[in-house]
Amino acid sequence: MQHRDSIDPQKRVDEMLSRLRGRDFRITPQRLAVLKILAGSMSHPSVDDIYQEVKAEFPTTSLATVYKTVSLLKELNEVLELGFPDGSNRYDGNNPLPHPHAICMKCKKIMDPELMNIDALSEEMSRKTGYKIFHHRLDFFGLCPDCQQKN
Ligand SMILES: [Zn+2]
Ligand SMILES: [Zn+2]
């Protein structure tokens, strides 16, 4: 299995912080913990996953704090949201730029493989439609190797 390399989490935290400071966002230890989880995670956590992890360290954290921090980061394009019709949205703060995902329909594991031809696909789309393309959503649904073995 080929997984992309993780982007340096400290670099991502610094980028998030500088964007948030421009918005007069007060950085509390709880909010910083949210940033660190998002910046360092390759597993595309849900808001609830993040909440559980922050709460283990800061028991007084509220779910609303996590939501607010994630939505602001999303607004600033510092986190990529993967929306699903059932509302179980997942987030990529390690790589906030649009990229294709492989999604397991059974265990919901999400992977970021390094694909070669995404830029070419985007150019072809633009050529054939006349659209100026800014970003894309490309999700591949299936069964991960673990779930295939269990079947
Ligand atoms: Zn699976
Ligand atoms: Zn991703």
# chains A, B, ... in the order shown; residues from 1 in each chain; ligands from 1

$ select_by_dssp --residues "chain A" --states "helix (DSSP H, G or I)" --output "ChimeraX atom specification"
/A:9-21,29-40,47-57,63-75,118-129,145-150

$ select_by_dssp --residues "range 1-140 of chain A" --states "strand (DSSP E or B)" --output "PyMOL selection string"
chain A and resi 46+80-82+90-92+101-104+110-111+139-140

$ write_last_selection --atoms "C-alpha atoms" --output "CSV table (one decimal), in the first residue's frame"
chain,number,residue,atom,x,y,z
A,46,SER,CA,-14.3,13.3,12.8
A,80,LEU,CA,-10.2,19.9,4.3
A,81,GLU,CA,-13.7,18.7,5.0
A,82,LEU,CA,-14.9,15.4,3.7
A,90,ARG,CA,-14.2,13.8,8.5
A,91,TYR,CA,-11.3,16.2,8.4
A,92,ASP,CA,-7.8,16.4,6.9
A,101,HIS,CA,-9.4,9.8,-1.0
A,102,ALA,CA,-9.9,6.0,-0.8
A,103,ILE,CA,-12.8,5.4,1.6
A,104,CYS,CA,-13.6,2.0,3.1
A,110,ILE,CA,-9.8,6.8,4.8
A,111,MET,CA,-6.4,6.8,2.9
A,139,ASP,CA,-13.6,10.0,-3.5
A,140,PHE,CA,-13.2,6.3,-4.3

$ residues_near_ligand --ligand "ligand 2" --cutoff "12 Å" --atoms "only C-alpha atoms and all ligand atoms" --output "number ranges by chain"
A: 3-7, 38-45, 79-82, 90-103, 109-114, 137-139

$ residues_around --residues "Ser62 in chain A" --least-positions-apart "6" --cutoff "12 Å" --atoms "only C-alpha atoms" --output "list in words"
Gln30, Arg31, Val34, Val47, Asp48, Ile50, Tyr51, Gln52, Glu53, Val54, Lys55, Ala56, Lys68 and Thr69 of chain A

$ residues_near_ligand --ligand "ligand 1" --cutoff "7 Å" --atoms "only C-alpha atoms and all ligand atoms" --output "ChimeraX atom specification"
/A:104-109,143-147

$ atom_distance --atom1 "CA of Gly83 in chain A" --atom2 "CA of Arg19 in chain A"
23.0 Å

$ atom_distance --atom1 "CA of Leu73 in chain A" --atom2 "CA of Ser18 in chain A"
11.3 Å

$ atom_distance --atom1 "CA of Leu121 in chain A" --atom2 "CA of Val70 in chain A"
29.8 Å
